Amino acid sequence: MSKVILTVDDSASIRQMVKFTLSEAGYTVIEAVDGRDALTKLASRVDLVITDLNMPNLDGIGLIRSVRANPAYKGIPILMLTTESQESRKIEGKAAGATGWIVKPFSRQQMLAVVKRVIG
Amino acid sequence: MMDRFQQAFHEEARELLSELEAALLELDRNAEDDELIGRAFRALHTLKGSGAMFGFDQLAGFAHELENAFDRVRNGRLAVSRPLINLSLAAADQMKAMIESAGGGGDPAACGRIVTELRRLTGAAEGAVAETAPASSLPNDAQGPAREWRIHFRPRPDVILNGTNPLLLFQELRALGPLQVSVDTSAVPPLAAMDPESCYLGWDLTLETGAAVEAIRDVFIFIEDDCELRIEPVRVPGTAEPKSDRARTTTAPAAGSSSSIRVSTEKLDRLVNLVGELVNVQARLSEVAAGRDDPEVRAISEQVDRLTGELRENSMSMRMLPLRTTFERFRRLVRDLGLELNKQVELAIEGADTELDKTVIDQLNDPLVHLIRNSMDHGIETPEARRKAGKPPAATIQLAAHYSGAQVLIRVSDDGRGLDAQAIRARAIERGLVDPSAPLSESDLFSLILAPGFSTARKITDVSGRGVGMDVVRRNVEALRGSVEISSRAGEGMAVTLRLPLTLAIIDGLLVRVGPTHFVLPLANSLECVELTRQDIQNAHGNHLANVRGETIPYVRLSEYFGMAGARPEREQIMVVEVMDGHYGLVVDEVVGNHQTVIKNVGRLYRGVPMISGATILGNGSVALILDPHRLVENAIQTAAPRRATAPRALETKEINTCYVQ
């Protein structure tokens, strides 16, 4: 059974790229447009969450906190998409329980390498 | 492929820009609305991030400038002003142009002006350049000469909760080159204190790779701040430094040294005393360590426990001597006595290599002399009588020794006429030793010959028969914490078995608790301990009988036996001991555990209490009495028998009687 990755981003183009890259690598990808949407999608099995930080409704940090507060997803890897200028957000995300980060802009190979690092 | 994404981005960027415009226009009217500021910021942020992703670097850089400004607004460091709104709207127009003309677009001069204005507004230093994006660099594949790296990796306990799987990190390292992983479990706490969601492990890895140290470090980038990480070069393979030699101990024996030395017994005694003190201190250490939740202290205590045990056995073994010398001395005695009594007797010796504490052996001589004399005099018939009975004229006395747990059994047996149970009975009644009506089994009768002042010899000879022999044997053996058992078959001979402890100083004991009091039982006698529940007691209908693995075992409840007050616990434990060739139970409140027991003699007050063989000092400094299970059971049966004999329930009496004969 292929691993399920939830990509959370308000940017459709980013979601599209993430989905395409990861599907090609054999992962199953489901999408969510923001943190609130992501929480509803977590009802089914998910092995990894890749989330943007700046999103309407529920932002990335809020999403990470909510996921970690759910016992079923306590130890699930969460990657956050950040920009280089967001050092403080990165620290905030780590504190909230993020596993790692991918700095935008990134190439597809870079993303794949990071995903492999956290879910194999 | 990229085109497809660019197409998607085009649409999205247009949406984002109109979103930005809408937010800006509304902000113009309502400058304080945080929600609007957030919308503007997010739009710019996404434009920047996605723009950079899909090759719109100019757009990304420009959006970054605006984003900075709105970040300040968001944080309250910059007020929303008409100039800012105007500038932002102008910037939005430029960005629109950039998107439409895929190749770049926008008016560089206008963009420059906007950026300068923005920086003036935000107070950012002139010429400060937007950070360029050195994204998370992937391990670069540039392979240098292979080197060996030692990686010391100790993640924080909560690392798993962050979604990190250390195993995957090792897999990633393995892709860089051959990897050896060794785990460090020293931080793993005792089970009770362990949180299953925490990581207590650390790892030391050795990686051979041509990759740069940055590539190795990069693998750990996500948890760099949450772990102890040291990456050190070891050496270039091939130029192996000489591995430090394992201490090669030269064990060539010193020339001319002899294989043994003579040491005075006093020195050995002093050594054993010191070991005894050490064992006491060790018991204290164990107790303190057990009460403390510190695995390190506990590990040390366990190690000291092991070493003390070995030291004890070693020093004890120094005092051990084989019985051979003692046994061989009796050949002369048997020969001389045989001539004197006109009896032909052969002495057979078995198990002469059995070793026993020197102090025990020293005190064993007299009892053995008595036993052999007794056999020669009373047991063994004259050659004519033997011939008549169909036996070979030459009789045999056998001296045999063998180990039984922490005890040594020494048996003196002959093939003489055996004991006459009826004569013993008559004699005992005559001497007033027993009640004529008492129901006595054979073994009870035999043990009567050990009573003081008992002799059945028809005439008093020089050899024995003064009625002191057997009770002297018993007293001597009991002084050595041993016991005497007698068995006999009329016409076939008798055997006296001396049961002696291997040593008089330290034994392996089992610490048990009855109420607030602790007792020690010799481990050598203890077979097993099982629970005795209320249900078991009910099932036995008031009898002191327990069913242990299908075997019905009579038991003594120590609290009752010693008349100790206090409530009986819900669950008691029953120690099954092996005494007098049978299994008996001793019921205690709790079996505490093994205890290396240094035997101390008890004062004169306890002389009359045969079931207490000594005392020992516990870790907390209090005293525990050492019980002699053999005598305890024996005594319990004796005290129970008369009481039970008059008891109305015939069934019970029968059961007690079965205990007797065993």
# chains A, B, ... in the order shown; residues from 1 in each chain; ligands from 1
>>> residues_around(residues="Glu15 in chain B", least_positions_apart="6", cutoff="10 Å", atoms="only C-alpha atoms", output="JSON, numbers by chain")
{"B": [9, 21, 43]}
>>> write_last_selection(atoms="C-alpha atoms", output="PDB file, in the first residue's frame")
ATOM      1  CA  PHE B   9       0.732  29.512 -11.765  1.00  0.00           C
ATOM      2  CA  GLU B  21      -5.850  44.671  -5.087  1.00  0.00           C
ATOM      3  CA  ALA B  43      -1.272  37.008  -1.308  1.00  0.00           C
TER       4      ALA B  43
END
>>> select_by_dssp(residues="range 553-625 of chain B", states="strand (DSSP E or B)", output="NGL selection string")
:B and (553-557 or 571-579 or 582-588 or 590-598 or 600 or 612-617 or 623-625)
>>> write_last_selection(atoms="N, CA and C atoms", output="compact mmCIF listing (two decimals), in the first residue's frame")
# COMPACT_ATOMS: atom_id res chain seq x y z
N ILE B 553 0.21 -30.80 50.63
CA ILE B 553 1.34 -30.46 51.48
C ILE B 553 0.84 -29.89 52.79
N PRO B 554 1.23 -30.50 53.92
CA PRO B 554 0.87 -29.91 55.20
C PRO B 554 1.71 -28.67 55.44
N TYR B 555 1.13 -27.67 56.04
CA TYR B 555 1.92 -26.46 56.26
C TYR B 555 1.81 -25.94 57.68
N VAL B 556 2.78 -25.12 58.01
CA VAL B 556 2.82 -24.46 59.31
C VAL B 556 2.72 -22.97 59.03
N ARG B 557 1.77 -22.31 59.65
CA ARG B 557 1.70 -20.85 59.46
C ARG B 557 2.56 -20.22 60.53
N ARG B 571 -3.45 -12.36 50.68
CA ARG B 571 -2.67 -13.40 50.01
C ARG B 571 -1.42 -13.68 50.84
N GLU B 572 -1.27 -14.93 51.18
CA GLU B 572 -0.06 -15.32 51.88
C GLU B 572 0.79 -16.11 50.92
N GLN B 573 2.03 -16.33 51.31
CA GLN B 573 2.86 -17.15 50.44
C GLN B 573 3.32 -18.37 51.22
N ILE B 574 3.38 -19.45 50.49
CA ILE B 574 3.75 -20.68 51.15
C ILE B 574 5.08 -21.15 50.57
N MET B 575 6.04 -21.29 51.45
CA MET B 575 7.37 -21.75 51.04
C MET B 575 7.37 -23.26 51.18
N VAL B 576 7.66 -23.93 50.10
CA VAL B 576 7.73 -25.38 50.20
C VAL B 576 9.17 -25.76 50.52
N VAL B 577 9.34 -26.44 51.64
CA VAL B 577 10.69 -26.84 52.03
C VAL B 577 10.78 -28.36 52.03
N GLU B 578 11.99 -28.81 51.84
CA GLU B 578 12.20 -30.25 51.84
C GLU B 578 12.94 -30.61 53.12
N VAL B 579 12.24 -31.29 54.01
CA VAL B 579 12.88 -31.75 55.23
C VAL B 579 12.40 -33.16 55.52
N GLY B 582 10.50 -35.26 53.14
CA GLY B 582 9.14 -34.92 52.74
C GLY B 582 9.03 -33.45 52.41
N HIS B 583 7.91 -33.06 51.84
CA HIS B 583 7.69 -31.66 51.52
C HIS B 583 6.71 -31.05 52.51
N TYR B 584 7.08 -29.92 53.04
CA TYR B 584 6.22 -29.22 53.97
C TYR B 584 6.14 -27.76 53.57
N GLY B 585 5.10 -27.12 54.00
CA GLY B 585 4.96 -25.71 53.67
C GLY B 585 5.13 -24.84 54.89
N LEU B 586 5.78 -23.70 54.70
CA LEU B 586 5.85 -22.71 55.76
C LEU B 586 5.14 -21.47 55.21
N VAL B 587 4.11 -21.05 55.89
CA VAL B 587 3.32 -19.95 55.36
C VAL B 587 3.80 -18.63 55.95
N VAL B 588 4.14 -17.72 55.05
CA VAL B 588 4.63 -16.40 55.46
C VAL B 588 3.77 -15.34 54.77
N GLU B 590 5.06 -12.73 53.15
CA GLU B 590 5.70 -12.29 51.92
C GLU B 590 7.08 -12.92 51.82
N VAL B 591 7.43 -13.34 50.61
CA VAL B 591 8.80 -13.78 50.36
C VAL B 591 9.53 -12.59 49.79
N VAL B 592 10.50 -12.08 50.53
CA VAL B 592 11.14 -10.83 50.12
C VAL B 592 12.17 -11.07 49.03
N GLY B 593 13.00 -12.08 49.20
CA GLY B 593 13.96 -12.39 48.14
C GLY B 593 15.20 -13.06 48.68
N ASN B 594 16.16 -13.27 47.78
CA ASN B 594 17.41 -13.92 48.18
C ASN B 594 18.19 -13.04 49.14
N HIS B 595 18.93 -13.68 49.98
CA HIS B 595 19.68 -12.92 50.97
C HIS B 595 20.94 -13.70 51.33
N GLN B 596 22.08 -13.09 51.05
CA GLN B 596 23.33 -13.71 51.48
C GLN B 596 23.39 -13.50 52.98
N THR B 597 23.38 -14.61 53.69
CA THR B 597 23.16 -14.50 55.12
C THR B 597 24.42 -14.83 55.91
N VAL B 598 24.90 -13.86 56.65
CA VAL B 598 26.03 -14.10 57.54
C VAL B 598 25.45 -14.59 58.86
N LYS B 600 25.13 -15.28 62.53
CA LYS B 600 25.65 -14.86 63.83
C LYS B 600 25.02 -15.78 64.88
N ILE B 612 15.47 -22.21 65.82
CA ILE B 612 16.20 -21.02 65.39
C ILE B 612 17.68 -21.38 65.39
N SER B 613 18.27 -21.34 64.22
CA SER B 613 19.65 -21.80 64.12
C SER B 613 20.64 -20.66 64.19
N GLY B 614 20.16 -19.43 64.22
CA GLY B 614 21.07 -18.31 64.31
C GLY B 614 20.34 -17.04 63.98
N ALA B 615 21.13 -15.99 63.80
CA ALA B 615 20.52 -14.72 63.45
C ALA B 615 21.41 -14.06 62.42
N THR B 616 20.85 -13.10 61.74
CA THR B 616 21.65 -12.35 60.79
C THR B 616 21.23 -10.90 60.84
N ILE B 617 22.11 -10.06 60.30
CA ILE B 617 21.80 -8.62 60.33
C ILE B 617 21.37 -8.20 58.93
N VAL B 623 17.62 -7.16 62.97
CA VAL B 623 18.04 -8.56 63.10
C VAL B 623 16.95 -9.48 62.57
N ALA B 624 17.33 -10.47 61.83
CA ALA B 624 16.38 -11.49 61.41
C ALA B 624 16.85 -12.84 61.93
N LEU B 625 15.93 -13.62 62.44
CA LEU B 625 16.30 -14.94 62.94
C LEU B 625 16.36 -15.92 61.77
>>> residues_around(residues="Gly76 in chain B", least_positions_apart="4", cutoff="12 Å", atoms="only C-alpha atoms", output="list in words")
Ala31, Glu32, Asp33, Asp34, Ile37, Gly38, Ala69, Phe70, Asp71, Arg72, Val80 and Thr122 of chain B
>>> interface_residues(of="chain B", to="chain A", cutoff="9 Å", atoms="only C-alpha atoms", output="short mmCIF file (atom, residue, chain, number, x, y, z; two decimals) with N, CA and C atoms, in the first residue's frame")
data_model
loop_
_atom_site.label_atom_id
_atom_site.label_comp_id
_atom_site.auth_asym_id
_atom_site.auth_seq_id
_atom_site.Cartn_x
_atom_site.Cartn_y
_atom_site.Cartn_z
N PHE B 5 3.08 23.62 -15.11
CA PHE B 5 3.00 24.27 -13.80
C PHE B 5 2.94 25.77 -13.95
N GLN B 6 3.70 26.29 -14.97
CA GLN B 6 3.69 27.75 -15.18
C GLN B 6 2.29 28.22 -15.56
N GLN B 7 1.65 27.39 -16.36
CA GLN B 7 0.29 27.72 -16.77
C GLN B 7 -0.62 27.82 -15.54
N ALA B 8 -0.47 26.83 -14.69
CA ALA B 8 -1.28 26.83 -13.47
C ALA B 8 -0.96 28.03 -12.61
N PHE B 9 0.31 28.39 -12.59
CA PHE B 9 0.73 29.51 -11.76
C PHE B 9 0.17 30.83 -12.30
N HIS B 10 0.18 30.96 -13.64
CA HIS B 10 -0.39 32.14 -14.27
C HIS B 10 -1.76 32.45 -13.72
N GLU B 11 -2.63 31.44 -13.79
CA GLU B 11 -4.00 31.61 -13.33
C GLU B 11 -4.03 32.00 -11.86
N GLU B 12 -3.23 31.29 -11.11
CA GLU B 12 -3.24 31.51 -9.67
C GLU B 12 -2.73 32.92 -9.33
N GLY B 38 -3.77 40.77 6.74
CA GLY B 38 -3.38 39.36 6.60
C GLY B 38 -3.60 38.86 5.19
N ARG B 39 -4.73 39.25 4.61
CA ARG B 39 -5.03 38.79 3.25
C ARG B 39 -3.98 39.31 2.27
N PHE B 41 -0.96 40.27 2.93
CA PHE B 41 0.33 39.63 3.20
C PHE B 41 0.41 38.23 2.59
N ARG B 42 -0.66 37.48 2.81
CA ARG B 42 -0.67 36.10 2.30
C ARG B 42 -0.57 36.06 0.79
N HIS B 45 2.88 36.81 -0.13
CA HIS B 45 3.74 35.69 0.28
C HIS B 45 3.64 34.55 -0.73
N THR B 46 2.43 34.23 -1.11
CA THR B 46 2.25 33.14 -2.05
C THR B 46 2.84 33.51 -3.42
N LEU B 47 2.62 34.78 -3.81
CA LEU B 47 3.19 35.23 -5.08
C LEU B 47 4.70 35.05 -5.07
N LYS B 48 5.30 35.40 -3.97
CA LYS B 48 6.75 35.30 -3.86
C LYS B 48 7.18 33.82 -3.92
N GLY B 49 6.55 33.02 -3.03
CA GLY B 49 6.95 31.62 -2.93
C GLY B 49 6.72 30.87 -4.22
N SER B 50 5.50 30.97 -4.73
CA SER B 50 5.19 30.22 -5.94
C SER B 50 5.95 30.78 -7.14
N GLY B 51 6.09 32.11 -7.17
CA GLY B 51 6.82 32.73 -8.27
C GLY B 51 8.22 32.17 -8.36
N ALA B 52 8.89 32.09 -7.22
CA ALA B 52 10.25 31.55 -7.21
C ALA B 52 10.25 30.09 -7.64
N MET B 53 9.18 29.38 -7.25
CA MET B 53 9.09 27.96 -7.59
C MET B 53 9.06 27.74 -9.09
N PHE B 54 8.34 28.64 -9.78
CA PHE B 54 8.10 28.36 -11.20
C PHE B 54 8.90 29.28 -12.12
N GLY B 55 9.96 29.83 -11.60
CA GLY B 55 10.89 30.53 -12.48
C GLY B 55 10.61 32.01 -12.66
N HIS B 64 8.71 40.05 -2.73
CA HIS B 64 9.40 39.95 -1.44
C HIS B 64 9.51 41.32 -0.77
N ALA B 130 17.35 41.99 -1.03
CA ALA B 130 16.55 40.87 -0.59
C ALA B 130 17.44 39.63 -0.49
N GLU B 131 17.23 38.90 0.57
CA GLU B 131 18.05 37.69 0.72
C GLU B 131 17.83 36.80 -0.49
N THR B 132 18.87 36.34 -1.02
CA THR B 132 18.70 35.41 -2.12
C THR B 132 18.46 34.03 -1.55
N ALA B 133 18.00 33.18 -2.38
CA ALA B 133 17.47 31.93 -1.86
C ALA B 133 18.41 30.74 -1.98
N PRO B 134 19.22 30.53 -0.99
CA PRO B 134 20.01 29.30 -1.02
C PRO B 134 19.20 28.21 -0.32
N ALA B 135 18.27 27.65 -1.04
CA ALA B 135 17.33 26.71 -0.44
C ALA B 135 18.07 25.57 0.24
N SER B 136 17.32 24.77 0.94
CA SER B 136 17.94 23.66 1.65
C SER B 136 18.75 22.86 0.64
N SER B 137 20.04 23.02 0.77
CA SER B 137 20.88 22.37 -0.24
C SER B 137 20.85 20.87 -0.02
N LEU B 138 20.77 20.18 -1.08
CA LEU B 138 20.78 18.73 -0.98
C LEU B 138 22.21 18.28 -0.81
N VAL B 159 12.00 13.16 20.31
CA VAL B 159 12.26 13.22 18.88
C VAL B 159 11.20 12.47 18.06
N ILE B 160 10.68 11.38 18.63
CA ILE B 160 9.71 10.58 17.88
C ILE B 160 8.40 11.35 17.73
N LEU B 161 8.08 12.11 18.77
CA LEU B 161 6.82 12.86 18.74
C LEU B 161 6.84 13.95 17.67
N ASN B 162 8.03 14.32 17.25
CA ASN B 162 8.14 15.31 16.18
C ASN B 162 8.00 14.66 14.81
N GLY B 163 7.76 13.38 14.80
CA GLY B 163 7.60 12.70 13.52
C GLY B 163 8.92 12.25 12.92
N THR B 164 9.98 12.35 13.70
CA THR B 164 11.28 11.94 13.17
C THR B 164 11.48 10.44 13.38
N ASN B 165 11.95 9.78 12.35
CA ASN B 165 12.27 8.37 12.46
C ASN B 165 13.77 8.21 12.24
N PRO B 166 14.51 8.01 13.34
CA PRO B 166 15.98 7.95 13.21
C PRO B 166 16.44 6.90 12.19
N LEU B 168 15.28 6.17 9.37
CA LEU B 168 15.32 6.70 8.01
C LEU B 168 16.57 7.56 7.80
N LEU B 169 16.98 8.22 8.88
CA LEU B 169 18.19 9.03 8.78
C LEU B 169 19.39 8.13 8.50
N GLN B 171 19.25 5.25 7.07
CA GLN B 171 19.12 4.78 5.69
C GLN B 171 19.70 5.79 4.73
N GLU B 172 19.42 7.05 5.03
CA GLU B 172 19.92 8.10 4.15
C GLU B 172 21.45 8.17 4.21
N GLU B 197 6.60 6.53 24.34
CA GLU B 197 6.67 7.44 23.19
C GLU B 197 7.95 8.26 23.19
N VAL B 219 21.85 15.55 6.54
CA VAL B 219 20.90 14.49 6.86
C VAL B 219 20.19 14.78 8.18
N ILE B 221 19.63 17.75 9.40
CA ILE B 221 19.32 19.19 9.46
C ILE B 221 18.05 19.47 10.25
N PHE B 222 17.05 18.58 10.13
CA PHE B 222 15.78 18.86 10.79
C PHE B 222 15.86 18.74 12.31
N ILE B 223 16.79 17.96 12.78
CA ILE B 223 16.82 17.76 14.23
C ILE B 223 18.13 18.26 14.84
#
>>> select_by_dssp(residues="chain A", states="alpha helix (DSSP H)", output="MDAnalysis selection string")
chainID A and resid 12:24 35:41 60:69 87:96 108:119
>>> residues_around(residues="Gly202 in chain B", least_positions_apart="6", cutoff="7 Å", atoms="only C-alpha atoms", output="PyMOL selection string")
chain B and resi 153-155+183-185
>>> atom_distance(atom1="CA of Glu528 in chain B", atom2="CA of Glu310 in chain B")
23.9 Å
>>> atom_distance(atom1="CA of Ile410 in chain B", atom2="CA of Met470 in chain B")
15.5 Å
